[in-house]
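First comes the structure, then the notes that go with it.
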Amino acid sequence: MLQKREKVLLLRTFRGRTLRIVREHYLRPCVPCHSPLCPQPAACSHDGKLLSSDVTHYVIPDWKVVQDYLEILEFPELKGIIFMQTACQAVQHQRGRRQYNKLRNLLKDARHDCILFANEFQQCCYLPRERGESMEKWQTRSIYNAAVWYYHHCQDRMPIVMVTEDEEAIQQYGSETEGVFVISFKNYLDNFWPDLKAARELCDSILQSRRERENESQESHGKEYPEHLPLEVLEAGIKSGRYIQVRVLI
């Protein structure tokens, strides 16, 4: 049986006016989980891809991990990836159409062992945003809640690793639910994929580029012109795709 909820959106117009928009939001008891361990395959109505049955765990990336490390999640060696609807919508709204389409193509590609789970339409997974709660905290809380539900839905037969860049979430959720682990993405690569050197090197490059970008923003605050970047920062940026190297022939 469907449950009806209302989502209130506050949008600001170009003239500075605030518009209050109310949208109907319907929740279902069953949405496709795309897992071979599903105890109710008929009710879940699986269509399309199923997760591989020969994995040791499922991995669920937080919204920030999907945004910053999507090119690593595209490595075919990484299997059993569950992209939550909440994370996908964060990419769509915050990173634009180009990266969102990249994510959609990854989900459609049969060569990659990953699926989309519509957590915001599942009755037990949907969490309304609390008063005063930031969008980022709500997104992480929603993804973790869906990870716990997914683990129990599969009858606790498959461990789940949620990877996040939120240190507070790691401290809060890390040991809250047996069978659901919450760790950083770098920690995940170092411990679960120690032989996947290319992914770990790319992760280090992205981390370094992000740190330098944050430092650059702090140091250039109040300056009229940004300073030149150090060579190691440029090299890391080229590896991560943030910068493009152009050769000029004279």
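Chains: A, B, ... in order of the structure tokens. Residues: from 1 per chain. Ligands: from 1, in order shown.
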
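Excluding A:Lys186 and any residue on its chain fewer than 3 positions from it, the residues at most 7 Å away by only C-alpha atoms are A:Leu189, A:Asp190, A:Cys203.
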
- Message: Applying 8 Å and only C-alpha atoms, which residues near A:Met162 remain after dropping the ones on its own chain fewer than 6 positions away? List them as an MDAnalysis selection string.
- Response: chainID A and resid 59:62 144 147 180:183

- Task: Do a neighbour search on A:Cys124 at 9 Å with only C-alpha atoms, toss out local chain neighbours closer than 4 positions, and write the hits as number ranges by chain.
- Result: A: 27-29, 119, 145-146, 149

Just all heavy atoms for this one: save the residues we selected as a short mmCIF file (atom, residue, chain, number, x, y, z; two decimals), in the first residue's frame.
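Contents of result-v3.cif, as written:
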data_model
loop_
_atom_site.label_atom_id
_atom_site.label_comp_id
_atom_site.auth_asym_id
_atom_site.auth_seq_id
_atom_site.Cartn_x
_atom_site.Cartn_y
_atom_site.Cartn_z
N LEU A 27 5.46 6.67 -1.00
CA LEU A 27 6.37 5.65 -0.50
C LEU A 27 5.76 4.27 -0.72
O LEU A 27 4.56 4.07 -0.53
CB LEU A 27 6.66 5.85 0.99
CG LEU A 27 7.20 7.23 1.38
CD1 LEU A 27 7.38 7.32 2.89
CD2 LEU A 27 8.52 7.51 0.68
N ARG A 28 6.60 3.31 -1.09
CA ARG A 28 6.14 1.96 -1.40
C ARG A 28 6.77 0.97 -0.42
O ARG A 28 7.91 1.15 0.03
CB ARG A 28 6.54 1.58 -2.82
CG ARG A 28 5.97 2.51 -3.88
CD ARG A 28 6.59 2.23 -5.24
NE ARG A 28 6.01 3.04 -6.30
CZ ARG A 28 6.36 4.30 -6.57
NH1 ARG A 28 7.31 4.88 -5.84
NH2 ARG A 28 5.78 4.97 -7.53
N PRO A 29 6.08 -0.11 -0.10
CA PRO A 29 6.67 -1.12 0.79
C PRO A 29 7.78 -1.91 0.11
O PRO A 29 8.67 -2.44 0.78
CB PRO A 29 5.49 -2.01 1.15
CG PRO A 29 4.52 -1.83 0.02
CD PRO A 29 4.67 -0.42 -0.44
N ASN A 119 16.09 4.54 -2.53
CA ASN A 119 15.83 4.55 -1.09
C ASN A 119 14.78 5.57 -0.67
O ASN A 119 14.07 5.37 0.32
CB ASN A 119 17.12 4.80 -0.32
CG ASN A 119 17.74 6.16 -0.61
OD1 ASN A 119 18.11 6.45 -1.75
ND2 ASN A 119 17.85 7.02 0.39
N ASN A 145 20.89 5.06 6.87
CA ASN A 145 19.65 4.37 7.23
C ASN A 145 19.26 3.36 6.16
O ASN A 145 18.82 2.24 6.47
CB ASN A 145 18.53 5.38 7.42
CG ASN A 145 17.22 4.75 7.83
OD1 ASN A 145 17.09 4.20 8.92
ND2 ASN A 145 16.23 4.82 6.96
N ALA A 146 19.43 3.72 4.89
CA ALA A 146 19.13 2.81 3.79
C ALA A 146 20.10 1.64 3.77
O ALA A 146 19.72 0.51 3.43
CB ALA A 146 19.17 3.56 2.46
N TRP A 149 18.91 -0.80 6.38
CA TRP A 149 17.73 -1.52 5.90
C TRP A 149 18.12 -2.56 4.87
O TRP A 149 17.62 -3.70 4.91
CB TRP A 149 16.74 -0.53 5.27
CG TRP A 149 15.50 -1.22 4.75
CD1 TRP A 149 14.35 -1.47 5.42
CD2 TRP A 149 15.34 -1.80 3.44
NE1 TRP A 149 13.47 -2.16 4.61
CE2 TRP A 149 14.05 -2.38 3.41
CE3 TRP A 149 16.16 -1.89 2.32
CZ2 TRP A 149 13.56 -3.03 2.28
CZ3 TRP A 149 15.67 -2.55 1.19
CH2 TRP A 149 14.39 -3.10 1.17
#

- Task: May I ask for the distance between atom CA of A:Arg104 and atom CA of A:Ser184, given in Å to one decimal place?
- Result: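 These atoms are spaced 23.8 Å apart.
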
- Residue neighbourhood A:Arg111, 12 Å, only C-alpha atoms, exclusion window fewer than 3 positions, as a list in words: Lys49, Leu50, Leu51, Ser52, Glu74, Phe75, Pro76, Glu77, Leu78, Lys79, Asn105, Leu106, Leu107, Lys108, Cys114 and Ile115 of chain A

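Across the structure, atom CA of A:Tyr173 and atom CA of A:Pro159 are spaced 14.7 Å apart.
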
- Step one, run DSSP on the backbone; step two, keep only residues of stretch 22-74 of chain A assigned to strand (DSSP E or B); then write them as number ranges by chain. A: 22-28, 58-61

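Checking A:Leu103, A:Asp47, A:Asp204, A:Ala198 one by one against A:Gln85, counting only C-alpha atoms, you find the shortest gap at A:Leu103.
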
- Residue nearest A:Pro41 - candidates A:Cys154, A:Leu19, A:Leu127, A:Ala87, atoms counted: only C-alpha atoms: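 Selected residue with least distance to A:Pro41: A:Cys154.
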
- Query: Could you pull out all residues of stretch 43-121 of chain A with a DSSP call of helix (DSSP H, G or I) and give them as an MDAnalysis selection string?
  - Reply: chainID A and resid 43:44 63:68 70:73 85:108 119:121

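Shortest separation to A:Leu207 among A:Tyr69, A:Trp193, A:Pro128, A:Ala90 occurs at residue A:Tyr69, atoms counted being only C-alpha atoms.
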
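Of the listed residues (A:Val163, A:Val65, A:Ala199, A:Met84), A:Met84 comes nearest to A:Gln122; the distances count only C-alpha atoms.
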